file target21.cif (mmCIF, C-alpha atoms)
data_model
#
loop_
_atom_site.label_atom_id
_atom_site.label_comp_id
_atom_site.auth_asym_id
_atom_site.auth_seq_id
_atom_site.Cartn_x
_atom_site.Cartn_y
_atom_site.Cartn_z
CA MET A 25 -42.40 -7.29 27.48
CA SER A 26 -42.45 -9.46 24.40
CA ASP A 27 -39.60 -7.34 23.04
CA GLU A 28 -37.40 -8.37 25.95
CA LEU A 29 -38.31 -12.00 25.48
CA ASN A 30 -37.13 -11.73 21.91
CA GLY A 31 -33.87 -10.15 23.01
CA ARG A 32 -34.58 -6.66 21.74
CA ASP A 33 -33.45 -4.46 24.62
CA ASP A 34 -33.50 -1.07 22.91
CA ASP A 35 -36.36 0.35 20.94
CA ASP A 36 -34.73 0.62 17.51
CA SER A 37 -37.83 1.90 15.77
CA ALA A 38 -37.68 5.23 17.62
CA TYR A 39 -34.01 5.59 16.73
CA ASP A 40 -34.81 4.98 13.08
CA GLU A 41 -37.35 7.79 13.01
CA THR A 42 -35.13 10.49 14.44
CA ARG A 43 -31.82 9.65 12.79
CA GLU A 44 -32.64 11.79 9.77
CA ASP A 45 -33.02 14.96 11.81
CA ALA A 46 -30.68 16.44 14.39
CA PRO A 47 -27.27 14.85 13.75
CA ARG A 48 -27.23 15.92 10.08
CA ARG A 49 -26.02 19.49 10.54
CA LYS A 50 -23.44 18.54 13.16
CA LEU A 51 -22.01 15.91 10.90
CA SER A 52 -21.72 18.21 7.92
CA LEU A 53 -19.46 20.37 10.06
CA ALA A 54 -17.56 17.29 11.16
CA LEU A 55 -17.18 16.31 7.52
CA ILE A 56 -15.78 19.70 6.58
CA ALA A 57 -13.51 19.64 9.60
CA ALA A 58 -12.21 16.19 8.67
CA VAL A 59 -11.46 17.17 5.11
CA LEU A 60 -9.74 20.34 6.26
CA LEU A 61 -7.72 18.31 8.73
CA VAL A 62 -6.54 16.01 5.98
CA LEU A 63 -5.61 18.86 3.70
CA SER A 64 -3.82 20.82 6.37
CA GLY A 65 -1.95 17.74 7.49
CA PHE A 66 -0.80 17.20 3.95
CA ALA A 67 0.24 20.82 3.61
CA TYR A 68 2.19 20.64 6.86
CA LEU A 69 4.10 17.61 5.69
CA MET A 70 4.91 19.17 2.35
CA TYR A 71 5.98 22.56 3.57
CA GLY A 72 6.52 22.12 7.27
CA GLY A 73 10.15 21.14 7.01
CA ILE A 74 9.70 17.72 8.47
CA ALA A 75 11.85 16.42 5.64
CA ASP A 76 14.90 17.83 7.36
CA ASN A 77 14.25 16.00 10.58
CA LEU A 78 13.56 12.46 9.43
CA VAL A 79 16.73 10.85 8.23
CA TRP A 80 17.09 7.28 7.13
CA ASN A 81 20.63 7.60 5.85
CA MET A 82 23.39 10.17 5.77
CA THR A 83 25.71 11.05 2.93
CA PRO A 84 29.52 10.86 3.32
CA LYS A 85 29.71 14.65 3.36
CA GLN A 86 27.12 14.87 6.16
CA LEU A 87 28.91 12.22 8.20
CA LEU A 88 32.34 13.82 7.90
CA ALA A 89 30.85 17.22 8.70
CA LYS A 90 30.12 15.91 12.18
CA GLY A 91 33.83 16.06 12.96
CA THR A 92 34.81 14.00 15.99
CA ASN A 93 31.17 13.14 16.55
CA ALA A 94 31.22 11.07 13.38
CA TYR A 95 33.28 8.31 14.94
CA GLY A 96 31.99 5.39 16.92
CA HIS A 97 28.26 5.73 16.34
CA ALA A 98 26.20 3.22 14.41
CA VAL A 99 24.97 5.01 11.31
CA ARG A 100 23.67 4.41 7.83
CA LEU A 101 25.73 5.85 5.02
CA GLY A 102 24.46 6.21 1.46
CA GLY A 103 26.36 7.01 -1.70
CA GLN A 104 27.85 5.58 -4.85
CA VAL A 105 30.54 2.97 -5.27
CA ALA A 106 33.51 4.97 -6.52
CA PRO A 107 34.66 3.52 -9.85
CA GLY A 108 37.88 1.57 -9.65
CA SER A 109 37.79 1.24 -5.87
CA VAL A 110 36.35 -2.24 -5.41
CA GLN A 111 38.67 -4.79 -3.83
CA TRP A 112 37.76 -8.23 -2.63
CA ASP A 113 39.50 -9.69 0.40
CA GLU A 114 41.22 -12.79 -0.79
CA GLY A 115 40.29 -15.89 1.19
CA LYS A 116 38.08 -13.95 3.57
CA LEU A 117 34.51 -12.80 3.39
CA GLY A 118 34.64 -9.13 2.72
CA VAL A 119 34.90 -6.33 0.24
CA ARG A 120 36.55 -2.95 0.32
CA PHE A 121 35.58 0.04 -1.73
CA ARG A 122 35.17 3.79 -1.49
CA ILE A 123 31.74 5.28 -1.10
CA ARG A 124 31.33 8.54 -2.92
CA ASP A 125 29.03 11.49 -2.33
CA GLU A 126 27.46 13.51 -5.14
CA ASP A 127 30.09 16.22 -4.72
CA GLY A 128 33.00 13.77 -4.70
CA THR A 129 33.58 13.31 -0.97
CA GLU A 130 34.75 9.75 -0.40
CA ILE A 131 35.02 7.44 2.57
CA HIS A 132 36.84 4.12 2.64
CA VAL A 133 34.50 1.26 3.43
CA GLN A 134 35.49 -2.14 4.75
CA SER A 135 32.50 -4.44 4.63
CA LYS A 136 32.14 -7.81 6.28
CA ALA A 137 28.83 -8.27 4.52
CA ILE A 138 28.67 -9.62 0.99
CA PRO A 139 26.58 -7.58 -1.43
CA THR A 140 24.08 -8.96 -3.89
CA ALA A 141 24.75 -9.57 -7.57
CA MET A 142 23.53 -6.07 -8.40
CA PHE A 143 26.69 -4.64 -6.79
CA ARG A 144 29.03 -3.01 -9.26
CA GLU A 145 31.05 0.14 -9.73
CA GLY A 146 29.01 3.30 -9.89
CA ILE A 147 25.87 1.82 -8.35
CA GLY A 148 24.24 3.26 -5.27
CA VAL A 149 24.95 1.60 -1.95
CA VAL A 150 23.86 2.05 1.63
CA VAL A 151 26.11 0.72 4.35
CA GLU A 152 25.27 0.31 8.00
CA GLY A 153 28.11 0.39 10.47
CA LYS A 154 30.56 2.65 12.29
CA LEU A 155 33.17 5.15 11.25
CA VAL A 156 36.50 4.38 12.94
CA LYS A 157 39.98 5.84 12.82
CA ASN A 158 42.43 3.45 11.24
CA ASP A 159 46.03 4.74 11.42
CA GLY A 160 44.71 8.27 11.41
CA ALA A 161 42.53 7.73 8.36
CA ALA A 162 38.76 7.48 8.56
CA GLN A 163 37.43 4.05 7.68
CA PHE A 164 33.86 2.85 7.72
CA HIS A 165 33.37 -0.64 9.09
CA ALA A 166 30.17 -1.88 7.57
CA THR A 167 28.12 -4.67 9.09
CA ASN A 168 25.41 -4.45 6.46
CA LEU A 169 25.75 -3.62 2.78
CA MET A 170 22.69 -2.80 0.71
CA VAL A 171 22.72 -2.09 -2.98
CA LYS A 172 20.44 0.72 -4.07
CA HIS A 173 18.76 0.69 -7.44
CA SER A 174 17.98 3.81 -9.42
CA ASN A 175 14.73 4.31 -11.26
CA GLU A 176 16.27 3.16 -14.52
CA TYR A 177 15.24 -0.01 -16.22
CA LYS A 178 17.17 -0.76 -19.36
CA PRO A 179 18.13 -3.97 -21.07
CA PRO A 180 21.88 -4.44 -21.23
CA ALA A 181 23.80 -2.88 -24.10
CA ALA A 182 24.66 -5.09 -27.03
CA GLY A 183 27.54 -7.42 -26.23
CA HIS A 184 26.71 -7.52 -22.52
CA PRO A 185 23.89 -10.02 -22.26
CA ALA A 186 22.31 -10.37 -18.83
CA SER A 187 22.19 -14.12 -19.15
CA PRO A 188 21.89 -16.37 -16.13
CA GLU A 189 25.61 -17.02 -16.46
CA ALA A 190 26.30 -13.31 -16.43
CA MET A 191 24.08 -12.78 -13.40
CA ASN A 192 25.66 -15.63 -11.50
CA ARG A 193 29.16 -14.62 -12.42
CA THR A 194 31.71 -14.17 -9.69
CA LEU A 195 31.96 -10.58 -8.51
CA ILE A 196 35.57 -11.04 -7.54
CA THR A 197 37.63 -9.14 -10.05
CA ASN A 198 41.02 -8.97 -8.37
CA MET B 5 -32.36 -2.55 -0.30
CA LYS B 6 -35.25 -4.99 -0.72
CA GLU B 7 -35.47 -4.58 -4.48
CA LEU B 8 -31.93 -5.92 -4.85
CA TYR B 9 -32.71 -9.20 -3.17
CA PRO B 10 -32.63 -11.74 -5.98
CA ALA B 11 -35.85 -13.46 -6.89
CA ALA B 12 -35.98 -17.22 -6.57
CA GLY B 13 -33.97 -18.83 -9.36
CA ALA B 14 -31.94 -15.69 -10.15
CA PRO B 15 -28.14 -16.11 -10.32
CA MET B 16 -26.28 -15.19 -7.12
CA ARG B 17 -24.11 -12.75 -9.04
CA PRO B 18 -25.43 -10.32 -11.66
CA ARG B 19 -24.80 -11.65 -15.12
CA TRP B 20 -22.82 -8.61 -16.21
CA LEU B 21 -20.46 -9.13 -13.30
CA THR B 22 -19.83 -12.75 -14.21
CA ARG B 23 -19.05 -11.78 -17.79
CA PHE B 24 -16.85 -8.92 -16.67
CA GLY B 25 -15.05 -11.30 -14.33
CA LEU B 26 -14.31 -13.75 -17.11
CA PHE B 27 -13.04 -10.96 -19.33
CA THR B 28 -10.86 -9.66 -16.50
CA LEU B 29 -9.43 -13.10 -15.87
CA VAL B 30 -8.53 -13.61 -19.52
CA TYR B 31 -7.06 -10.13 -19.86
CA PHE B 32 -5.04 -10.50 -16.67
CA ALA B 33 -3.64 -13.89 -17.64
CA GLY B 34 -2.80 -12.57 -21.08
CA ALA B 35 -1.18 -9.38 -19.85
CA GLN B 36 0.99 -11.18 -17.32
CA THR B 37 2.02 -13.88 -19.78
CA VAL B 38 2.87 -11.44 -22.52
CA ALA B 39 4.86 -9.23 -20.17
CA LEU B 40 6.76 -12.08 -18.55
CA MET B 41 7.63 -13.75 -21.81
CA ASN B 42 8.64 -10.63 -23.69
CA SER B 43 10.58 -8.65 -21.11
CA PRO B 44 14.33 -8.66 -21.60
CA ALA B 45 16.43 -9.10 -18.49
CA ASP B 46 17.39 -5.77 -16.95
CA SER B 47 21.05 -4.77 -17.03
CA ALA B 48 21.24 -4.32 -13.26
CA MET B 49 18.90 -6.88 -11.76
CA GLY B 50 18.29 -9.35 -14.55
CA ASP B 51 15.04 -11.29 -14.53
CA LEU B 52 14.09 -9.92 -11.12
CA GLN B 53 12.73 -6.95 -13.04
CA LYS B 54 9.67 -9.04 -13.88
CA ILE B 55 8.28 -8.67 -10.37
CA MET B 56 7.55 -5.08 -11.39
CA TYR B 57 4.51 -6.28 -13.34
CA VAL B 58 2.81 -7.29 -10.09
CA HIS B 59 4.41 -5.04 -7.49
CA VAL B 60 3.88 -1.67 -9.16
CA PRO B 61 0.30 -2.17 -10.42
CA ALA B 62 -0.67 -3.60 -7.03
CA ALA B 63 0.61 -0.47 -5.31
CA TRP B 64 -1.08 1.85 -7.81
CA THR B 65 -4.36 -0.02 -7.49
CA ALA B 66 -4.16 0.14 -3.71
CA PHE B 67 -3.85 3.94 -3.94
CA LEU B 68 -6.88 4.00 -6.21
CA ALA B 69 -8.80 1.79 -3.79
CA TYR B 70 -8.06 4.11 -0.89
CA PHE B 71 -9.10 7.09 -3.01
CA VAL B 72 -12.43 5.37 -3.62
CA VAL B 73 -12.76 4.84 0.14
CA PHE B 74 -12.04 8.55 0.63
CA VAL B 75 -14.63 9.70 -1.89
CA MET B 76 -17.29 7.26 -0.75
CA SER B 77 -16.72 8.18 2.89
CA ILE B 78 -17.30 11.84 2.11
CA ALA B 79 -20.35 10.90 0.05
CA TYR B 80 -21.76 8.84 2.90
CA LEU B 81 -21.36 11.63 5.43
CA ALA B 82 -22.98 14.04 3.00
CA LYS B 83 -25.89 11.91 1.78
CA ARG B 84 -26.26 9.20 4.45
CA ASN B 85 -26.86 6.59 1.78
CA GLU B 86 -25.71 3.22 3.12
CA ARG B 87 -24.65 2.07 -0.34
CA TYR B 88 -21.75 4.52 -0.25
CA ASP B 89 -20.67 2.98 3.01
CA LEU B 90 -20.78 -0.51 1.50
CA VAL B 91 -18.73 0.56 -1.53
CA ALA B 92 -16.18 2.19 0.77
CA ALA B 93 -15.89 -0.99 2.83
CA ALA B 94 -15.48 -3.12 -0.29
CA ALA B 95 -12.81 -0.81 -1.68
CA ALA B 96 -10.93 -0.79 1.63
CA GLU B 97 -10.84 -4.60 1.69
CA VAL B 98 -9.48 -4.72 -1.83
CA GLY B 99 -6.99 -1.96 -1.02
CA VAL B 100 -5.65 -3.92 1.95
CA VAL B 101 -5.19 -7.03 -0.18
CA PHE B 102 -3.32 -5.13 -2.87
CA THR B 103 -1.17 -3.29 -0.33
CA GLY B 104 -0.23 -6.59 1.26
CA LEU B 105 0.62 -7.95 -2.17
CA ALA B 106 2.78 -4.91 -2.92
CA LEU B 107 4.63 -5.29 0.39
CA ALA B 108 5.17 -9.01 -0.10
CA THR B 109 6.37 -8.77 -3.70
CA GLY B 110 8.52 -5.79 -2.78
CA SER B 111 10.17 -7.77 -0.01
CA ILE B 112 10.73 -10.75 -2.29
CA TRP B 113 12.30 -8.43 -4.85
CA GLY B 114 14.34 -6.60 -2.21
CA ARG B 115 16.17 -9.61 -0.79
CA PRO B 116 18.19 -10.49 -3.93
CA THR B 117 18.57 -6.88 -5.12
CA TRP B 118 19.02 -4.69 -2.09
CA GLY B 119 20.18 -7.55 0.12
CA ILE B 120 17.49 -7.27 2.77
CA TRP B 121 13.90 -8.43 3.26
CA TRP B 122 12.95 -5.25 5.06
CA THR B 123 14.23 -1.97 6.40
CA TRP B 124 12.57 1.07 7.94
CA ASP B 125 13.11 3.08 4.81
CA PRO B 126 10.64 5.99 4.50
CA ARG B 127 8.53 4.48 1.74
CA LEU B 128 8.45 1.00 3.26
CA THR B 129 7.55 2.43 6.64
CA ALA B 130 4.86 4.70 5.23
CA THR B 131 3.37 1.80 3.28
CA ALA B 132 3.37 -0.43 6.36
CA VAL B 133 1.62 2.32 8.33
CA MET B 134 -0.96 2.74 5.57
CA PHE B 135 -1.51 -1.04 5.50
CA LEU B 136 -2.06 -1.16 9.26
CA MET B 137 -4.41 1.81 9.23
CA TYR B 138 -6.73 0.23 6.74
CA ILE B 139 -6.59 -3.05 8.61
CA GLY B 140 -7.66 -0.91 11.56
CA TYR B 141 -10.51 0.35 9.42
CA GLN B 142 -11.61 -3.27 8.90
CA ALA B 143 -11.26 -4.01 12.62
CA LEU B 144 -13.37 -0.99 13.47
CA ARG B 145 -16.10 -2.19 11.16
CA GLY B 146 -15.94 -5.65 12.65
CA PHE B 147 -16.39 -4.45 16.19
CA THR B 148 -19.23 -1.99 15.62
CA ASP B 149 -22.67 -3.54 15.78
CA ASP B 150 -24.91 -0.68 14.84
CA ASP B 151 -25.02 -0.08 11.08
CA ASP B 152 -25.25 3.70 11.23
CA ARG B 153 -22.55 4.10 13.83
CA ARG B 154 -20.28 1.73 11.92
CA ALA B 155 -20.82 3.68 8.73
CA THR B 156 -20.20 7.06 10.34
CA TRP B 157 -17.07 6.06 12.19
CA SER B 158 -15.69 4.19 9.19
CA ALA B 159 -16.32 7.22 7.03
CA ALA B 160 -14.31 9.40 9.40
CA VAL B 161 -11.44 6.90 9.43
CA GLY B 162 -11.68 6.46 5.67
CA ILE B 163 -11.22 10.18 5.17
CA LEU B 164 -8.36 10.63 7.62
CA ALA B 165 -6.49 7.49 6.61
CA PHE B 166 -6.31 8.73 3.04
CA LEU B 167 -3.63 11.14 4.19
CA ASN B 168 -1.33 8.12 4.00
CA VAL B 169 -1.52 7.91 0.24
CA PRO B 170 0.26 11.15 -0.66
CA ILE B 171 2.75 10.42 2.11
CA VAL B 172 3.61 7.05 0.61
CA TRP B 173 3.75 8.50 -2.89
CA PHE B 174 6.00 11.45 -2.07
CA SER B 175 8.07 9.67 0.59
CA VAL B 176 10.75 8.75 -1.97
CA GLN B 177 11.07 12.39 -2.99
CA TRP B 178 10.84 14.02 0.43
CA TRP B 179 13.23 11.74 2.30
CA SER B 180 16.39 9.91 1.35
CA GLY B 181 15.98 6.18 1.54
CA LEU B 182 16.56 2.88 -0.17
CA HIS B 183 13.49 2.67 -2.38
CA GLN B 184 14.11 4.41 -5.68
CA VAL B 185 12.15 7.43 -6.89
CA GLN B 186 9.33 6.99 -9.36
CA SER B 187 10.37 5.83 -12.80
CA THR B 188 9.44 7.98 -15.74
CA ARG B 189 9.00 7.25 -19.41
CA ASP B 190 12.57 8.41 -19.94
CA SER B 191 14.09 6.29 -17.22
CA MET B 192 12.59 3.07 -18.57
CA SER B 193 12.96 1.31 -21.86
CA ALA B 194 9.76 1.33 -23.90
CA VAL B 195 9.37 -2.42 -23.60
CA TYR B 196 9.17 -2.28 -19.80
CA TRP B 197 6.98 0.80 -19.82
CA ASN B 198 4.42 -0.66 -22.20
CA TRP B 199 4.09 -3.98 -20.41
CA LEU B 200 3.84 -2.18 -17.08
CA TRP B 201 0.88 -0.14 -18.28
CA LEU B 202 -0.73 -3.18 -19.86
CA ASN B 203 -0.64 -4.87 -16.48
CA ALA B 204 -1.75 -1.71 -14.71
CA VAL B 205 -4.94 -1.92 -16.75
CA ALA B 206 -5.24 -5.61 -15.85
CA PHE B 207 -5.04 -4.73 -12.17
CA LEU B 208 -7.58 -1.94 -12.65
CA LEU B 209 -10.01 -4.44 -14.13
CA LEU B 210 -9.34 -6.79 -11.23
CA PHE B 211 -9.99 -3.93 -8.83
CA VAL B 212 -13.35 -3.14 -10.40
CA PHE B 213 -14.32 -6.80 -10.41
CA PHE B 214 -13.33 -7.36 -6.79
CA VAL B 215 -15.02 -4.23 -5.51
CA ALA B 216 -18.19 -4.89 -7.48
CA SER B 217 -18.32 -8.51 -6.27
CA ARG B 218 -17.65 -7.55 -2.67
CA TYR B 219 -20.21 -4.76 -2.83
CA HIS B 220 -22.78 -7.14 -4.26
CA VAL B 221 -22.19 -9.56 -1.41
CA ALA B 222 -22.50 -6.73 1.10
CA VAL B 223 -25.80 -5.66 -0.40
CA LEU B 224 -27.10 -9.21 -0.16
CA GLU B 225 -25.93 -9.46 3.45
CA ARG B 226 -27.68 -6.21 4.30
CA ALA B 227 -30.88 -7.29 2.54
CA VAL B 228 -30.90 -10.57 4.44
CA GLU B 229 -30.31 -8.73 7.73
CA ARG B 230 -33.26 -6.44 7.03
CA ARG B 231 -35.48 -9.40 6.09
CA VAL B 232 -34.55 -11.20 9.31
CA GLU B 233 -35.13 -8.07 11.38
CA ASP B 234 -38.49 -7.45 9.73
CA ALA B 235 -39.54 -11.04 10.29
CA ALA B 236 -38.50 -10.88 13.95
CA MET B 237 -40.40 -7.62 14.44
CA ARG B 238 -43.50 -9.00 12.77
CA ALA B 239 -43.29 -12.11 14.96
CA ALA B 240 -42.92 -9.92 18.04
CA ASP B 241 -45.91 -7.82 16.98
CA THR B 242 -48.00 -10.93 16.38
CA ARG B 243 -47.14 -12.24 19.82
CA ARG B 244 -47.97 -8.90 21.46
CA VAL B 245 -51.31 -8.65 19.67
CA ALA B 246 -52.07 -12.25 20.58
CA GLY B 247 -51.11 -11.53 24.20
CA GLU B 248 -53.39 -8.48 24.34
CA SER B 249 -56.34 -10.33 22.84
CA MET B 250 -55.79 -13.15 25.30
CA SER B 251 -55.88 -10.71 28.23
CA ASN B 252 -59.01 -9.16 26.72
CA VAL B 253 -60.69 -12.53 26.80
CA HIS B 254 -59.85 -12.89 30.46
#

call {"tool": "encode", "arguments": {"input": "target21.cif", "output": "structure tokens"}}
result
Amino acid sequence: MSDELNGRDDDDSAYDETREDAPRRKLSLALIAAVLLVLSGFAYLMYGGIADNLVWNMTPKQLLAKGTNAYGHAVRLGGQVAPGSVQWDEGKLGVRFRIRDEDGTEIHVQSKAIPTAMFREGIGVVVEGKLVKNDGAAQFHATNLMVKHSNEYKPPAAGHPASPEAMNRTLITN
Amino acid sequence: MKELYPAAGAPMRPRWLTRFGLFTLVYFAGAQTVALMNSPADSAMGDLQKIMYVHVPAAWTAFLAYFVVFVMSIAYLAKRNERYDLVAAAAAEVGVVFTGLALATGSIWGRPTWGIWWTWDPRLTATAVMFLMYIGYQALRGFTDDDDRRATWSAAVGILAFLNVPIVWFSVQWWSGLHQVQSTRDSMSAVYWNWLWLNAVAFLLLFVFFVASRYHVAVLERAVERRVEDAAMRAADTRRVAGESMSNVH
């Protein structure tokens, strides 16, 4: 009764005595099962082909391969800025360029969004928007323009200092 | 646990830990300063490259922390030694902090480079999931009252949640996304590579210091709990004995 007065409802001392015994073998099995679960989950992800089903962005080739289905849907398109294709809309906010796949497939992009200072010819980009038919030609209207960085980190070549002035330079070249 | 309770007048933190902490602080400050002052601006992103000296080591250290949680969780289930549970909990806390730091610095870097604060890119998503799972681990510990049950359930979660780490690591290789693949020695100039590793060591030292400090606090908390429980039980016993002797008198 004094235990209840002190707020101890359950008899912990008995629990302490028996905890060493029975659960031990069950939990070793549980431990092995858990580790196996982790390993098999990892194996499934590596070899189970999930990579094909989770897509964050498509390439130009993949988008065009959809045929008529390519048009009108909001998609994310990833590729490279084709060298020599960048054109800034004079007096308006916008940039036009061609996005290029690894194998050379290109799509014209008209972007309302302004890219960051990292944007330049040859760099990776990901555009979000829709593919539309403009006078029979496919054009991608981008609402969002993201510049993708490779895993390369190199100081600029001699004669091309990445000074604050260089970084804040105007991107408009035409 | 009783033997770890400090005697009266002993410092609250073991002396070696204080010294290690001071060394870590000096090394960290030095490594960051040296890296920030000596890194040339990158040709693509300019001075934004310098965030790498916090973002990348934080992520690496978080992976290490979660690996420690994984190993200690297995060790606890195998040996039932509560110290393993306390180390796992300490490592999970530190891992969550470093993961949050990696996410925050990544977002800050991403806005002026990629153009966005966030996107559901595979690596970013996987990292966010990992972050939330280990926060869940903390929540689980907070809501479980019984020490043994808390330790057992946390150990199970600590083992399963570790599956996140290889997912986050390989996400950039398995799926196409915005976050770039891992840099190699060849893809980076030596100057960036060297300073990165210098700071990785700094973060490793920080990790050890944080986990050791947090573990020490946990041990003290546990020792105090045991002392209080023992005192309460002895008081209850005294009252019961007194009650019985009183009834004997009557």

call {"tool": "closest_atom_pairs", "arguments": {"input": "target21.cif", "of": "chain A", "to": "chain B", "cutoff": "6 Å", "atoms": "all atoms listed in the file", "output": "Markdown table"}}
result
| residue | atom | partner | partner_atom | distance |
| --- | --- | --- | --- | --- |
| A:Val62 | CA | B:Leu164 | CA | 5.9 |
| A:Ala75 | CA | B:Trp178 | CA | 5.8 |
| A:Trp80 | CA | B:Gly181 | CA | 5.8 |
| A:Thr140 | CA | B:Gly119 | CA | 5.8 |
| A:Met142 | CA | B:Ala48 | CA | 5.7 |
| A:Met170 | CA | B:Trp118 | CA | 5.0 |
| A:Val171 | CA | B:Trp118 | CA | 4.6 |
| A:Lys172 | CA | B:Leu182 | CA | 5.9 |
| A:Ser174 | CA | B:Gln184 | CA | 5.4 |
| A:Asn175 | CA | B:Ser187 | CA | 4.9 |
| A:Glu176 | CA | B:Ser191 | CA | 4.7 |
| A:Tyr177 | CA | B:Met192 | CA | 4.7 |
| A:Lys178 | CA | B:Ser193 | CA | 5.3 |
| A:Pro179 | CA | B:Asp46 | CA | 4.6 |
| A:Pro180 | CA | B:Ser47 | CA | 4.3 |
| A:Ala186 | CA | B:Gly50 | CA | 6.0 |

call {"tool": "residues_near_point", "arguments": {"input": "target21.cif", "point": "(-22.6, 4.0, 1.3)", "cutoff": "8 Å", "atoms": "all atoms listed in the file", "output": "PyMOL selection string"}}
result
chain B and resi 76-77+79-80+84-92+155

call {"tool": "closest_residue", "arguments": {"input": "target21.cif", "among": "A:Val99, A:Val110, A:Ala181, A:Leu117", "to": "A:Val150", "atoms": "all atoms listed in the file"}}
result
A:Val99

call {"tool": "residues_near_point", "arguments": {"input": "target21.cif", "point": "(-12.7, -5.1, 6.8)", "cutoff": "12 Å", "atoms": "all atoms listed in the file", "output": "short mmCIF file (atom, residue, chain, number, x, y, z; two decimals) with C-alpha atoms, keeping the file's coordinate frame"}}
result
data_model
loop_
_atom_site.label_atom_id
_atom_site.label_comp_id
_atom_site.auth_asym_id
_atom_site.auth_seq_id
_atom_site.Cartn_x
_atom_site.Cartn_y
_atom_site.Cartn_z
CA VAL B 73 -12.76 4.84 0.14
CA ASP B 89 -20.67 2.98 3.01
CA LEU B 90 -20.78 -0.51 1.50
CA VAL B 91 -18.73 0.56 -1.53
CA ALA B 92 -16.18 2.19 0.77
CA ALA B 93 -15.89 -0.99 2.83
CA ALA B 94 -15.48 -3.12 -0.29
CA ALA B 95 -12.81 -0.81 -1.68
CA ALA B 96 -10.93 -0.79 1.63
CA GLU B 97 -10.84 -4.60 1.69
CA VAL B 98 -9.48 -4.72 -1.83
CA GLY B 99 -6.99 -1.96 -1.02
CA VAL B 100 -5.65 -3.92 1.95
CA VAL B 101 -5.19 -7.03 -0.18
CA PHE B 135 -1.51 -1.04 5.50
CA LEU B 136 -2.06 -1.16 9.26
CA MET B 137 -4.41 1.81 9.23
CA TYR B 138 -6.73 0.23 6.74
CA ILE B 139 -6.59 -3.05 8.61
CA GLY B 140 -7.66 -0.91 11.56
CA TYR B 141 -10.51 0.35 9.42
CA GLN B 142 -11.61 -3.27 8.90
CA ALA B 143 -11.26 -4.01 12.62
CA LEU B 144 -13.37 -0.99 13.47
CA ARG B 145 -16.10 -2.19 11.16
CA GLY B 146 -15.94 -5.65 12.65
CA PHE B 147 -16.39 -4.45 16.19
CA THR B 148 -19.23 -1.99 15.62
CA ARG B 154 -20.28 1.73 11.92
CA SER B 158 -15.69 4.19 9.19
CA GLY B 162 -11.68 6.46 5.67
CA ARG B 218 -17.65 -7.55 -2.67
CA ALA B 222 -22.50 -6.73 1.10
#

call {"tool": "resolve_selection", "arguments": {"input": "target21.cif", "expression": "the PyMOL selection byres ((chain A and resi 162) around 10)", "output": "short mmCIF file (atom, residue, chain, number, x, y, z; two decimals) with C-alpha atoms, keeping the file's coordinate frame"}}
result
data_model
loop_
_atom_site.label_atom_id
_atom_site.label_comp_id
_atom_site.auth_asym_id
_atom_site.auth_seq_id
_atom_site.Cartn_x
_atom_site.Cartn_y
_atom_site.Cartn_z
CA LEU A 88 32.34 13.82 7.90
CA ALA A 94 31.22 11.07 13.38
CA TYR A 95 33.28 8.31 14.94
CA ILE A 131 35.02 7.44 2.57
CA HIS A 132 36.84 4.12 2.64
CA VAL A 133 34.50 1.26 3.43
CA LEU A 155 33.17 5.15 11.25
CA VAL A 156 36.50 4.38 12.94
CA LYS A 157 39.98 5.84 12.82
CA ASN A 158 42.43 3.45 11.24
CA ASP A 159 46.03 4.74 11.42
CA GLY A 160 44.71 8.27 11.41
CA ALA A 161 42.53 7.73 8.36
CA GLN A 163 37.43 4.05 7.68
CA PHE A 164 33.86 2.85 7.72
CA HIS A 165 33.37 -0.64 9.09
#

call {"tool": "atom_distance", "arguments": {"input": "target21.cif", "atom1": "atom CA of B:Met16", "atom2": "atom CA of B:Leu224"}}
result
9.2 Å
